[in-house]
>>> print(open('structure_26.cif').read())   # mmCIF, C-alpha atoms
data_coords
#
loop_
_atom_site.group_PDB
_atom_site.id
_atom_site.type_symbol
_atom_site.label_atom_id
_atom_site.label_comp_id
_atom_site.auth_asym_id
_atom_site.auth_seq_id
_atom_site.Cartn_x
_atom_site.Cartn_y
_atom_site.Cartn_z
ATOM 1 C CA MET E 290 -20.890 -14.773 0.045
ATOM 2 C CA SER E 291 -17.312 -13.741 -0.760
ATOM 3 C CA LYS E 292 -14.564 -16.234 -0.111
ATOM 4 C CA LYS E 293 -12.449 -15.980 3.025
ATOM 5 C CA HIS E 294 -8.801 -16.014 1.991
ATOM 6 C CA LYS E 295 -5.972 -17.573 3.973
ATOM 7 C CA ILE E 296 -3.151 -15.047 4.081
ATOM 8 C CA ALA E 297 0.536 -15.076 4.986
ATOM 9 C CA ILE E 298 2.923 -12.161 5.464
ATOM 10 C CA ILE E 299 6.595 -12.435 4.566
ATOM 11 C CA GLY E 300 8.844 -9.747 6.022
ATOM 12 C CA CYS E 301 8.140 -8.943 9.663
ATOM 13 C CA GLY E 302 9.592 -5.438 9.925
ATOM 14 C CA GLY E 303 7.690 -2.341 10.983
ATOM 15 C CA VAL E 304 5.264 -2.179 8.045
ATOM 16 C CA SER E 305 4.082 -5.726 8.765
ATOM 17 C CA ASN E 306 2.142 -4.349 11.741
ATOM 18 C CA ARG E 307 -0.049 -2.407 9.309
ATOM 19 C CA HIS E 308 -0.685 -5.524 7.250
ATOM 20 C CA ILE E 309 -1.486 -7.605 10.325
ATOM 21 C CA GLN E 310 -4.052 -4.982 11.337
ATOM 22 C CA ALA E 311 -5.462 -5.020 7.806
ATOM 23 C CA CYS E 312 -5.950 -8.793 7.935
ATOM 24 C CA ASN E 313 -7.521 -8.620 11.376
ATOM 25 C CA SER E 314 -9.952 -5.901 10.293
ATOM 26 C CA SER E 315 -11.561 -7.909 7.494
ATOM 27 C CA GLU E 316 -13.887 -10.894 7.724
ATOM 28 C CA ARG E 317 -12.593 -11.958 4.311
ATOM 29 C CA ALA E 318 -8.979 -12.302 5.428
ATOM 30 C CA GLU E 319 -7.589 -14.939 7.776
ATOM 31 C CA LEU E 320 -3.952 -14.483 8.747
ATOM 32 C CA VAL E 321 -2.495 -17.984 9.003
ATOM 33 C CA ALA E 322 1.299 -17.575 8.707
ATOM 34 C CA LEU E 323 4.162 -15.159 9.269
ATOM 35 C CA CYS E 324 7.587 -15.505 7.688
ATOM 36 C CA ASP E 325 10.945 -13.805 8.105
ATOM 37 C CA LYS E 326 14.510 -14.998 7.506
ATOM 38 C CA ILE E 327 15.067 -14.053 11.149
ATOM 39 C CA GLU E 328 12.680 -16.593 12.625
ATOM 40 C CA GLY E 329 12.531 -14.749 15.941
ATOM 41 C CA ALA E 330 11.076 -11.709 14.195
ATOM 42 C CA ALA E 331 8.188 -13.763 12.832
ATOM 43 C CA ARG E 332 7.745 -15.645 16.078
ATOM 44 C CA SER E 333 7.497 -12.438 18.123
ATOM 45 C CA LYS E 334 4.773 -11.117 15.800
ATOM 46 C CA ALA E 335 2.951 -14.442 16.032
ATOM 47 C CA ALA E 336 3.008 -14.427 19.851
ATOM 48 C CA ASN E 337 -0.480 -14.455 21.405
ATOM 49 C CA ARG E 338 -2.032 -15.139 17.985
ATOM 50 C CA GLU E 339 -3.552 -18.601 18.069
ATOM 51 C CA GLY E 340 -2.934 -20.876 15.111
ATOM 52 C CA ILE E 341 -0.344 -18.696 13.318
ATOM 53 C CA LYS E 342 2.371 -20.753 11.611
ATOM 54 C CA VAL E 343 5.926 -19.415 11.561
ATOM 55 C CA TYR E 344 8.304 -19.871 8.623
ATOM 56 C CA ASN E 345 11.771 -18.541 7.770
ATOM 57 C CA SER E 346 11.876 -18.846 3.970
ATOM 58 C CA ALA E 347 9.759 -18.011 0.959
ATOM 59 C CA GLN E 348 10.012 -21.618 -0.188
ATOM 60 C CA GLN E 349 8.345 -22.813 3.013
ATOM 61 C CA LEU E 350 5.449 -20.464 2.304
ATOM 62 C CA ALA E 351 5.344 -21.616 -1.305
ATOM 63 C CA ASP E 352 5.084 -25.229 -0.144
ATOM 64 C CA ASP E 353 2.137 -24.525 2.184
ATOM 65 C CA ARG E 354 -0.861 -25.255 -0.026
ATOM 66 C CA SER E 355 -3.334 -23.901 2.515
ATOM 67 C CA ILE E 356 -2.167 -20.330 1.816
ATOM 68 C CA ASP E 357 -3.672 -18.597 -1.217
ATOM 69 C CA VAL E 358 -2.522 -14.969 -0.715
ATOM 70 C CA VAL E 359 0.858 -13.664 0.469
ATOM 71 C CA ILE E 360 1.644 -10.085 1.481
ATOM 72 C CA VAL E 361 5.293 -9.412 0.580
ATOM 73 C CA ALA E 362 6.764 -6.829 2.955
ATOM 74 C CA THR E 363 10.455 -7.590 2.515
ATOM 75 C CA PRO E 364 13.086 -4.979 1.583
ATOM 76 C CA PRO E 365 13.175 -4.405 -2.194
ATOM 77 C CA ASP E 366 16.721 -5.784 -2.485
ATOM 78 C CA VAL E 367 15.418 -9.344 -2.008
ATOM 79 C CA ARG E 368 12.019 -8.831 -3.633
ATOM 80 C CA LEU E 369 12.607 -10.846 -6.798
ATOM 81 C CA GLU E 370 14.093 -13.871 -5.038
ATOM 82 C CA VAL E 371 11.178 -13.909 -2.601
ATOM 83 C CA VAL E 372 8.409 -13.330 -5.131
ATOM 84 C CA ARG E 373 9.459 -15.881 -7.734
ATOM 85 C CA PRO E 374 8.854 -19.112 -5.731
ATOM 86 C CA LEU E 375 5.588 -17.709 -4.378
ATOM 87 C CA LEU E 376 4.300 -16.953 -7.874
ATOM 88 C CA GLU E 377 5.498 -20.302 -9.175
ATOM 89 C CA SER E 378 3.449 -21.992 -6.430
ATOM 90 C CA GLY E 379 0.325 -20.226 -7.703
ATOM 91 C CA LYS E 380 -0.196 -17.791 -4.838
ATOM 92 C CA HIS E 381 -1.701 -14.341 -5.317
ATOM 93 C CA LEU E 382 0.502 -11.513 -4.042
ATOM 94 C CA LEU E 383 0.229 -8.038 -2.563
ATOM 95 C CA VAL E 384 3.746 -6.600 -2.807
ATOM 96 C CA GLU E 385 4.953 -3.586 -0.831
ATOM 97 C CA LYS E 386 6.305 -0.547 -2.639
ATOM 98 C CA PRO E 387 8.694 0.142 -4.139
ATOM 99 C CA PHE E 388 7.678 -2.864 -6.246
ATOM 100 C CA ALA E 389 11.312 -3.615 -7.140
ATOM 101 C CA ASN E 390 14.764 -2.080 -7.384
ATOM 102 C CA SER E 391 14.446 -1.717 -11.164
ATOM 103 C CA ILE E 392 11.802 -1.777 -13.830
ATOM 104 C CA ALA E 393 13.518 -4.846 -15.306
ATOM 105 C CA GLU E 394 12.890 -6.778 -12.071
ATOM 106 C CA ALA E 395 9.316 -5.493 -11.950
ATOM 107 C CA GLU E 396 8.703 -6.663 -15.523
ATOM 108 C CA LEU E 397 10.007 -10.136 -14.632
ATOM 109 C CA MET E 398 7.573 -10.409 -11.716
ATOM 110 C CA VAL E 399 4.665 -9.278 -13.879
ATOM 111 C CA ALA E 400 5.636 -11.877 -16.489
ATOM 112 C CA PHE E 401 5.862 -14.627 -13.836
ATOM 113 C CA ALA E 402 2.410 -13.721 -12.545
ATOM 114 C CA GLY E 403 0.995 -13.835 -16.071
ATOM 115 C CA GLU E 404 2.497 -17.259 -16.726
ATOM 116 C CA GLN E 405 0.991 -18.630 -13.516
ATOM 117 C CA GLU E 406 -2.349 -16.840 -14.071
ATOM 118 C CA VAL E 407 -2.347 -15.354 -10.575
ATOM 119 C CA LYS E 408 -3.126 -11.852 -9.337
ATOM 120 C CA LEU E 409 -0.235 -9.557 -8.485
ATOM 121 C CA ALA E 410 -0.900 -6.200 -6.807
ATOM 122 C CA VAL E 411 1.397 -3.490 -5.454
ATOM 123 C CA ASN E 412 0.528 -1.755 -2.196
ATOM 124 C CA GLN E 413 0.202 1.761 -3.611
ATOM 125 C CA ASN E 414 -2.119 2.423 -0.701
ATOM 126 C CA PHE E 415 -2.197 6.224 -1.060
ATOM 127 C CA ARG E 416 -4.722 5.682 -3.852
ATOM 128 C CA PHE E 417 -7.050 4.632 -1.036
ATOM 129 C CA LEU E 418 -6.612 7.723 1.142
ATOM 130 C CA GLU E 419 -9.871 9.557 1.773
ATOM 131 C CA GLU E 420 -8.546 12.636 -0.019
ATOM 132 C CA SER E 421 -7.497 10.582 -3.044
ATOM 133 C CA ARG E 422 -10.908 8.978 -3.434
ATOM 134 C CA HIS E 423 -12.689 12.357 -3.295
ATOM 135 C CA ILE E 424 -10.334 13.917 -5.855
ATOM 136 C CA LYS E 425 -10.617 10.935 -8.219
ATOM 137 C CA ALA E 426 -14.414 11.008 -7.934
ATOM 138 C CA LEU E 427 -14.502 14.690 -8.941
ATOM 139 C CA LEU E 428 -12.353 13.880 -11.977
ATOM 140 C CA ASP E 429 -14.378 10.800 -12.947
ATOM 141 C CA GLU E 430 -17.612 12.803 -12.673
ATOM 142 C CA ASP E 431 -16.040 15.415 -15.001
ATOM 143 C CA LYS E 432 -16.535 18.216 -12.508
ATOM 144 C CA LEU E 433 -13.002 19.528 -12.894
ATOM 145 C CA GLY E 434 -12.160 18.995 -16.532
ATOM 146 C CA THR E 435 -8.637 17.993 -17.579
ATOM 147 C CA PRO E 436 -5.698 18.362 -15.155
ATOM 148 C CA PHE E 437 -2.862 20.587 -16.358
ATOM 149 C CA PHE E 438 -0.941 21.280 -13.111
ATOM 150 C CA ILE E 439 -0.370 19.300 -9.904
ATOM 151 C CA SER E 440 1.841 20.225 -6.969
ATOM 152 C CA GLN E 441 2.595 18.066 -3.933
ATOM 153 C CA LEU E 442 4.745 19.170 -1.004
ATOM 154 C CA HIS E 443 5.431 16.470 1.564
ATOM 155 C CA SER E 444 7.717 17.772 4.281
ATOM 156 C CA CYS E 445 8.597 15.979 7.516
ATOM 157 C CA TRP E 446 11.400 14.946 9.839
ATOM 158 C CA ARG E 447 12.065 11.254 9.245
ATOM 159 C CA ASN E 448 15.290 9.826 10.609
ATOM 160 C CA GLU E 449 15.706 6.153 9.704
ATOM 161 C CA GLU E 450 18.063 5.090 12.476
ATOM 162 C CA ASP E 451 18.096 1.369 11.658
ATOM 163 C CA GLY E 452 16.652 -1.191 9.265
ATOM 164 C CA TRP E 453 17.209 -1.418 5.514
ATOM 165 C CA ARG E 454 16.182 2.191 4.936
ATOM 166 C CA ASN E 455 19.110 3.388 7.052
ATOM 167 C CA THR E 456 21.640 2.185 4.476
ATOM 168 C CA SER E 457 19.604 2.370 1.272
ATOM 169 C CA GLU E 458 21.074 4.629 -1.425
ATOM 170 C CA ARG E 459 17.524 5.361 -2.590
ATOM 171 C CA LEU E 460 15.450 6.947 0.122
ATOM 172 C CA ALA E 461 13.087 9.930 -0.087
ATOM 173 C CA ILE E 462 11.846 9.282 -3.624
ATOM 174 C CA ALA E 463 11.793 5.471 -3.391
ATOM 175 C CA VAL E 464 10.174 5.195 0.035
ATOM 176 C CA MET E 465 7.675 8.093 0.071
ATOM 177 C CA GLY E 466 7.938 9.991 -3.197
ATOM 178 C CA ILE E 467 6.788 6.886 -5.068
ATOM 179 C CA HIS E 468 3.355 7.290 -3.431
ATOM 180 C CA TRP E 469 2.899 10.725 -4.978
ATOM 181 C CA LEU E 470 4.374 9.725 -8.347
ATOM 182 C CA ASP E 471 1.903 6.865 -8.481
ATOM 183 C CA ARG E 472 -0.971 9.167 -7.523
ATOM 184 C CA PHE E 473 0.024 11.647 -10.244
ATOM 185 C CA ARG E 474 -0.381 8.868 -12.848
ATOM 186 C CA TRP E 475 -3.644 7.670 -11.341
ATOM 187 C CA LEU E 476 -5.233 11.112 -11.216
ATOM 188 C CA VAL E 477 -4.060 12.282 -14.635
ATOM 189 C CA GLY E 478 -5.115 8.949 -16.152
ATOM 190 C CA GLN E 479 -2.186 8.596 -18.538
ATOM 191 C CA GLU E 480 1.474 7.720 -18.591
ATOM 192 C CA ALA E 481 4.214 10.307 -18.228
ATOM 193 C CA HIS E 482 6.237 11.673 -21.111
ATOM 194 C CA SER E 483 9.340 12.782 -19.189
ATOM 195 C CA ILE E 484 10.771 13.393 -15.721
ATOM 196 C CA TYR E 485 13.402 15.678 -14.216
ATOM 197 C CA ALA E 486 14.720 15.301 -10.661
ATOM 198 C CA ASN E 487 17.190 16.868 -8.245
ATOM 199 C CA THR E 488 18.256 15.214 -5.000
ATOM 200 C CA PHE E 489 20.012 16.548 -1.891
ATOM 201 C CA TYR E 490 21.825 14.952 1.040
ATOM 202 C CA SER E 491 21.751 17.265 4.055
ATOM 203 C CA GLY E 492 23.784 15.191 6.518
ATOM 204 C CA LEU E 493 21.190 15.975 9.213
ATOM 205 C CA LEU E 494 19.865 12.411 9.298
ATOM 206 C CA GLU E 495 21.509 9.093 10.070
ATOM 207 C CA SER E 496 20.248 7.483 6.857
ATOM 208 C CA GLU E 497 22.498 7.369 3.804
ATOM 209 C CA GLY E 498 20.070 8.101 0.976
ATOM 210 C CA GLU E 499 18.722 11.398 -0.331
ATOM 211 C CA ASP E 500 16.582 13.276 2.208
ATOM 212 C CA LEU E 501 15.303 15.989 -0.144
ATOM 213 C CA ALA E 502 14.123 15.709 -3.728
ATOM 214 C CA ASN E 503 12.403 17.939 -6.276
ATOM 215 C CA VAL E 504 10.766 16.115 -9.166
ATOM 216 C CA THR E 505 8.886 17.416 -12.216
ATOM 217 C CA VAL E 506 6.795 15.016 -14.300
ATOM 218 C CA GLU E 507 5.409 15.929 -17.726
ATOM 219 C CA PHE E 508 2.505 14.040 -19.283
ATOM 220 C CA SER E 509 1.677 13.721 -22.976
ATOM 221 C CA SER E 510 -1.391 15.955 -22.470
ATOM 222 C CA GLY E 511 0.924 18.758 -21.320
ATOM 223 C CA CYS E 512 0.023 18.359 -17.650
ATOM 224 C CA MET E 513 2.933 19.169 -15.338
ATOM 225 C CA ALA E 514 3.222 17.628 -11.866
ATOM 226 C CA ASN E 515 5.721 18.878 -9.292
ATOM 227 C CA LEU E 516 6.794 16.956 -6.198
ATOM 228 C CA THR E 517 8.912 18.088 -3.274
ATOM 229 C CA GLU E 518 9.677 15.214 -0.919
ATOM 230 C CA GLN E 519 11.569 16.405 2.176
ATOM 231 C CA TRP E 520 12.641 14.362 5.192
ATOM 232 C CA ASN E 521 14.872 16.941 6.920
ATOM 233 C CA SER E 522 12.469 19.757 7.834
ATOM 234 C CA HIS E 523 12.589 21.048 11.394
ATOM 235 C CA GLY E 524 9.069 22.339 10.714
ATOM 236 C CA ARG E 525 7.805 18.724 10.780
ATOM 237 C CA GLY E 526 5.350 19.126 7.912
ATOM 238 C CA GLY E 527 3.709 22.389 8.846
ATOM 239 C CA ALA E 528 3.664 23.589 5.216
ATOM 240 C CA ASN E 529 2.367 20.428 3.505
ATOM 241 C CA TYR E 530 -0.171 20.867 0.737
ATOM 242 C CA PHE E 531 -1.642 19.411 -2.452
ATOM 243 C CA GLN E 532 -2.923 21.463 -5.377
ATOM 244 C CA MET E 533 -4.414 20.394 -8.687
ATOM 245 C CA ASP E 534 -5.552 22.818 -11.381
ATOM 246 C CA CYS E 535 -7.791 21.634 -14.210
ATOM 247 C CA THR E 536 -9.520 23.231 -17.163
ATOM 248 C CA GLU E 537 -12.841 23.491 -15.277
ATOM 249 C CA GLY E 538 -11.809 23.702 -11.617
ATOM 250 C CA SER E 539 -9.166 23.350 -8.927
ATOM 251 C CA VAL E 540 -8.513 21.294 -5.794
ATOM 252 C CA ILE E 541 -6.473 22.301 -2.753
ATOM 253 C CA LEU E 542 -5.695 20.229 0.339
ATOM 254 C CA ARG E 543 -4.091 21.983 3.281
ATOM 255 C CA ASP E 544 -4.317 21.608 7.054
ATOM 256 C CA GLY E 545 -6.597 18.612 6.647
ATOM 257 C CA ILE E 546 -9.268 20.487 4.653
ATOM 258 C CA LEU E 547 -10.009 19.452 1.067
ATOM 259 C CA LYS E 548 -11.502 22.205 -1.087
ATOM 260 C CA ALA E 549 -12.618 22.082 -4.709
ATOM 261 C CA VAL E 550 -13.982 24.945 -6.779
ATOM 262 C CA GLY E 551 -15.303 25.175 -10.330
ATOM 263 C CA SER E 552 -14.226 27.632 -13.012
ATOM 264 C CA ASP E 553 -16.950 29.982 -11.730
ATOM 265 C CA ARG E 554 -15.249 29.796 -8.287
ATOM 266 C CA LYS E 555 -18.335 28.157 -6.791
ATOM 267 C CA SER E 556 -17.583 25.470 -4.217
ATOM 268 C CA LEU E 557 -17.722 21.867 -5.398
ATOM 269 C CA LEU E 558 -16.464 20.388 -2.141
ATOM 270 C CA GLU E 559 -15.151 21.559 1.208
ATOM 271 C CA GLN E 560 -14.641 19.100 4.029
ATOM 272 C CA PRO E 561 -12.066 17.717 6.442
ATOM 273 C CA VAL E 562 -10.384 14.502 5.370
ATOM 274 C CA ASP E 563 -8.815 11.804 7.485
ATOM 275 C CA ALA E 564 -5.071 11.537 6.848
ATOM 276 C CA ASP E 565 -4.738 8.220 8.718
ATOM 277 C CA ILE E 566 -3.036 5.722 6.414
ATOM 278 C CA GLY E 567 -4.007 2.743 8.591
ATOM 279 C CA PRO E 568 -7.320 1.958 6.834
ATOM 280 C CA THR E 569 -5.694 2.205 3.405
ATOM 281 C CA PHE E 570 -3.826 -1.071 3.990
ATOM 282 C CA ALA E 571 -7.100 -2.945 4.482
ATOM 283 C CA LYS E 572 -8.651 -1.273 1.430
ATOM 284 C CA SER E 573 -5.621 -2.169 -0.673
ATOM 285 C CA LEU E 574 -5.854 -5.795 0.455
ATOM 286 C CA LEU E 575 -9.613 -5.922 -0.165
ATOM 287 C CA GLU E 576 -9.153 -4.610 -3.710
ATOM 288 C CA LEU E 577 -6.838 -7.559 -4.378
ATOM 289 C CA LEU E 578 -9.274 -10.029 -2.797
ATOM 290 C CA ASP E 579 -12.126 -8.594 -4.883
ATOM 291 C CA ALA E 580 -10.002 -8.967 -8.011
ATOM 292 C CA ILE E 581 -9.283 -12.610 -7.142
ATOM 293 C CA ASP E 582 -12.953 -13.396 -6.518
ATOM 294 C CA GLU E 583 -14.109 -11.526 -9.645
ATOM 295 C CA ASP E 584 -11.253 -12.821 -11.814
ATOM 296 C CA ARG E 585 -10.079 -9.387 -12.949
ATOM 297 C CA GLU E 586 -6.941 -7.310 -12.649
ATOM 298 C CA PRO E 587 -6.688 -5.293 -9.411
ATOM 299 C CA MET E 588 -6.618 -1.537 -9.987
ATOM 300 C CA HIS E 589 -3.157 -1.433 -8.364
ATOM 301 C CA SER E 590 -1.814 -4.383 -10.320
ATOM 302 C CA GLY E 591 1.836 -5.094 -10.930
ATOM 303 C CA LEU E 592 1.242 -4.434 -14.615
ATOM 304 C CA ASN E 593 -0.215 -1.002 -13.842
ATOM 305 C CA ASN E 594 2.669 -0.272 -11.487
ATOM 306 C CA LEU E 595 5.214 -0.568 -14.279
ATOM 307 C CA GLY E 596 4.338 3.045 -15.118
ATOM 308 C CA THR E 597 5.196 4.095 -11.573
ATOM 309 C CA MET E 598 8.426 2.083 -11.663
ATOM 310 C CA ALA E 599 9.363 3.862 -14.901
ATOM 311 C CA LEU E 600 8.973 7.183 -13.095
ATOM 312 C CA LEU E 601 11.013 5.992 -10.116
ATOM 313 C CA GLU E 602 13.840 4.708 -12.269
ATOM 314 C CA GLY E 603 13.702 7.802 -14.469
ATOM 315 C CA ALA E 604 13.902 10.096 -11.437
ATOM 316 C CA TYR E 605 17.137 8.549 -10.196
ATOM 317 C CA ILE E 606 18.681 8.517 -13.673
ATOM 318 C CA SER E 607 17.746 12.183 -14.063
ATOM 319 C CA ALA E 608 19.224 13.111 -10.668
ATOM 320 C CA GLU E 609 22.462 11.311 -11.515
ATOM 321 C CA GLU E 610 22.808 12.713 -15.041
ATOM 322 C CA GLY E 611 21.407 16.177 -14.323
ATOM 323 C CA SER E 612 19.057 16.106 -17.302
ATOM 324 C CA LYS E 613 15.460 15.388 -18.262
ATOM 325 C CA VAL E 614 14.710 11.706 -18.921
ATOM 326 C CA SER E 615 12.140 10.512 -21.442
ATOM 327 C CA ILE E 616 9.729 7.854 -20.230
ATOM 328 C CA GLY E 617 8.599 4.942 -22.365
ATOM 329 C CA GLU E 618 11.193 5.464 -25.081
ATOM 330 C CA GLU E 619 14.187 3.332 -25.959
#
>>> encode(input="structure_26.cif", output="structure tokens")
Amino acid sequence: MSKKHKIAIIGCGGVSNRHIQACNSSERAELVALCDKIEGAARSKAANREGIKVYNSAQQLADDRSIDVVIVATPPDVRLEVVRPLLESGKHLLVEKPFANSIAEAELMVAFAGEQEVKLAVNQNFRFLEESRHIKALLDEDKLGTPFFISQLHSCWRNEEDGWRNTSERLAIAVMGIHWLDRFRWLVGQEAHSIYANTFYSGLLESEGEDLANVTVEFSSGCMANLTEQWNSHGRGGANYFQMDCTEGSVILRDGILKAVGSDRKSLLEQPVDADIGPTFAKSLLELLDAIDEDREPMHSGLNNLGTMALLEGAYISAEEGSKVSIGEE
């Protein structure tokens, strides 16, 4: 029988509700502590939950030897200072995205985890969407061939009126675009060669960061992936779609229907897919718990996420400099 893990959550903002639900949904996870520098925030989330301890610092969590896994849901600005004592205490971590504010910080956390021989995962939960799993299965079964073009349009109206996202200089790409950049890497199965990005600030939203971004990623195979991440659409996402073209077939997702066809235009798959992200938090957590029990790297490890962080950092450098940025080169 798989081990039941005692889990704490640090950072009791809005996303913590998803992680609490994830813990409650699994027989292998027991939520035992909540932590936030604003103790009242943790205490309010712990209300009516019997036996939940409340802390207000990462060091308090680090000192609690009964906890073996911590979900880190703090803002990225304090990520490194929160993660370091937890790793040094030997706890396994599931860290929210973006993993860090810079690839240098991300590399430090990966190094700390390696020194302590603990598992470090990043909650790139869009890998666990129903659509993502179907698309990856088609690729792994070699039904589509090699990807050479991907396009993702994610359009919505998202006005961050308060919280850390309201004042963050990095918004649309860092908060949502990073999901798609990570999925590009995961589906293509290789690291990117270069990235080019444009950002736009419409003034329609109360948040300070970019609310529209166009990003083009080029892979060493020649595959090109285009992302439009838009938070200021009055259409509220009515045009959203995903398309992937490969040497032996294509995939299109639109209006909740996932379709795949081969090069002979015969259907490989056509079915509705659930867009609910709620279950993906539990699946992301369970992948980490499996990795702990099986003593292997989780598929969404911190080490793997360095490739996604390179894309994120490269996108903002490109937008600032107005030029293409090479990835993985000094």
>>> closest_atom_pairs(input="structure_26.cif", of="stretch 466-553 of chain E", to="stretch 426-447 of chain E", cutoff="8 Å", atoms="all atoms listed in the file", output="JSON lines")
{"residue": "E:Trp469", "atom": "CA", "partner": "E:Gln441", "partner_atom": "CA", "distance": 7.4}
{"residue": "E:Phe473", "atom": "CA", "partner": "E:Ile439", "partner_atom": "CA", "distance": 7.7}
{"residue": "E:Leu476", "atom": "CA", "partner": "E:Leu428", "partner_atom": "CA", "distance": 7.7}
{"residue": "E:Val477", "atom": "CA", "partner": "E:Pro436", "partner_atom": "CA", "distance": 6.3}
{"residue": "E:Leu494", "atom": "CA", "partner": "E:Arg447", "partner_atom": "CA", "distance": 7.9}
{"residue": "E:Ser510", "atom": "CA", "partner": "E:Phe437", "partner_atom": "CA", "distance": 7.8}
{"residue": "E:Gly511", "atom": "CA", "partner": "E:Phe437", "partner_atom": "CA", "distance": 6.5}
{"residue": "E:Cys512", "atom": "CA", "partner": "E:Phe437", "partner_atom": "CA", "distance": 3.9}
{"residue": "E:Met513", "atom": "CA", "partner": "E:Phe438", "partner_atom": "CA", "distance": 4.9}
{"residue": "E:Ala514", "atom": "CA", "partner": "E:Ile439", "partner_atom": "CA", "distance": 4.4}
{"residue": "E:Asn515", "atom": "CA", "partner": "E:Ser440", "partner_atom": "CA", "distance": 4.7}
{"residue": "E:Leu516", "atom": "CA", "partner": "E:Gln441", "partner_atom": "CA", "distance": 4.9}
{"residue": "E:Thr517", "atom": "CA", "partner": "E:Leu442", "partner_atom": "CA", "distance": 4.9}
{"residue": "E:Glu518", "atom": "CA", "partner": "E:His443", "partner_atom": "CA", "distance": 5.1}
{"residue": "E:Gln519", "atom": "CA", "partner": "E:Ser444", "partner_atom": "CA", "distance": 4.6}
{"residue": "E:Trp520", "atom": "CA", "partner": "E:Trp446", "partner_atom": "CA", "distance": 4.8}
{"residue": "E:Asn521", "atom": "CA", "partner": "E:Trp446", "partner_atom": "CA", "distance": 5.0}
{"residue": "E:Ser522", "atom": "CA", "partner": "E:Trp446", "partner_atom": "CA", "distance": 5.3}
{"residue": "E:His523", "atom": "CA", "partner": "E:Trp446", "partner_atom": "CA", "distance": 6.4}
{"residue": "E:Gly524", "atom": "CA", "partner": "E:Cys445", "partner_atom": "CA", "distance": 7.1}
{"residue": "E:Arg525", "atom": "CA", "partner": "E:Cys445", "partner_atom": "CA", "distance": 4.3}
{"residue": "E:Gly526", "atom": "CA", "partner": "E:Cys445", "partner_atom": "CA", "distance": 4.5}
{"residue": "E:Gly527", "atom": "CA", "partner": "E:Ser444", "partner_atom": "CA", "distance": 7.6}
{"residue": "E:Ala528", "atom": "CA", "partner": "E:Ser444", "partner_atom": "CA", "distance": 7.2}
{"residue": "E:Asn529", "atom": "CA", "partner": "E:Leu442", "partner_atom": "CA", "distance": 5.3}
{"residue": "E:Tyr530", "atom": "CA", "partner": "E:Leu442", "partner_atom": "CA", "distance": 5.5}
{"residue": "E:Phe531", "atom": "CA", "partner": "E:Gln441", "partner_atom": "CA", "distance": 4.7}
{"residue": "E:Gln532", "atom": "CA", "partner": "E:Ser440", "partner_atom": "CA", "distance": 5.2}
{"residue": "E:Met533", "atom": "CA", "partner": "E:Ile439", "partner_atom": "CA", "distance": 4.4}
{"residue": "E:Asp534", "atom": "CA", "partner": "E:Phe438", "partner_atom": "CA", "distance": 5.2}
{"residue": "E:Cys535", "atom": "CA", "partner": "E:Pro436", "partner_atom": "CA", "distance": 4.0}
{"residue": "E:Thr536", "atom": "CA", "partner": "E:Gly434", "partner_atom": "CA", "distance": 5.0}
{"residue": "E:Glu537", "atom": "CA", "partner": "E:Leu433", "partner_atom": "CA", "distance": 4.6}
{"residue": "E:Gly538", "atom": "CA", "partner": "E:Leu433", "partner_atom": "CA", "distance": 4.5}
{"residue": "E:Ser539", "atom": "CA", "partner": "E:Leu433", "partner_atom": "CA", "distance": 6.7}
{"residue": "E:Gly551", "atom": "CA", "partner": "E:Leu433", "partner_atom": "CA", "distance": 6.6}
>>> resolve_selection(input="structure_26.cif", expression="the PyMOL selection byres ((chain E and resi 461) around 10)", output="MDAnalysis selection string")
chainID E and resid 447 454 458:460 462:467 488:489 498:502 517:520
>>> axis_aligned_box(input="structure_26.cif", around="stretch 290-297 of chain E", padding_each_side="8 Å", output="JSON")
{"center_x": -10.2, "center_y": -15.7, "center_z": 2.1, "size_x": 37.4, "size_y": 19.8, "size_z": 21.7}
>>> resolve_selection(input="structure_26.cif", expression="the PyMOL selection byres ((chain E and resi 384-393) around 8)", output="ChimeraX atom specification")
/E:360-363,365-366,368-369,382-383,394-397,409-413,463-464,467,591,594-595,598-599,602
>>> resolve_selection(input="structure_26.cif", expression="the PyMOL selection byres ((chain E and resi 546-548) around 6)", output="PyMOL selection string")
chain E and resi 540-545+549+558-561
>>> closest_residue(input="structure_26.cif", among="E:Phe570, E:Trp453, E:His482, E:Leu600", to="E:Ser496", atoms="all atoms listed in the file")
E:Trp453
>>> residues_around(input="structure_26.cif", residues="E:Asn345", least_positions_apart="5", cutoff="7 Å", atoms="all atoms listed in the file", output="NGL selection string")
:E and (324-328)
>>> residues_near_point(input="structure_26.cif", point="(-7.0, -8.3, -1.6)", cutoff="12 Å", atoms="all atoms listed in the file", output="VMD selection string")
chain E and resid 291 to 296 308 311 to 312 315 to 319 357 to 360 381 to 384 408 to 412 414 569 to 590
>>> closest_residue(input="structure_26.cif", among="E:Glu420, E:Asp553, E:Asp353, E:Glu339", to="E:Ser378", atoms="only C-alpha atoms")
E:Asp353
>>> atom_distance(input="structure_26.cif", atom1="atom CA of E:Glu495", atom2="atom CA of E:Gly303")
18.0 Å
>>> atom_distance(input="structure_26.cif", atom1="atom CA of E:Thr597", atom2="atom CA of E:Leu470")
6.5 Å
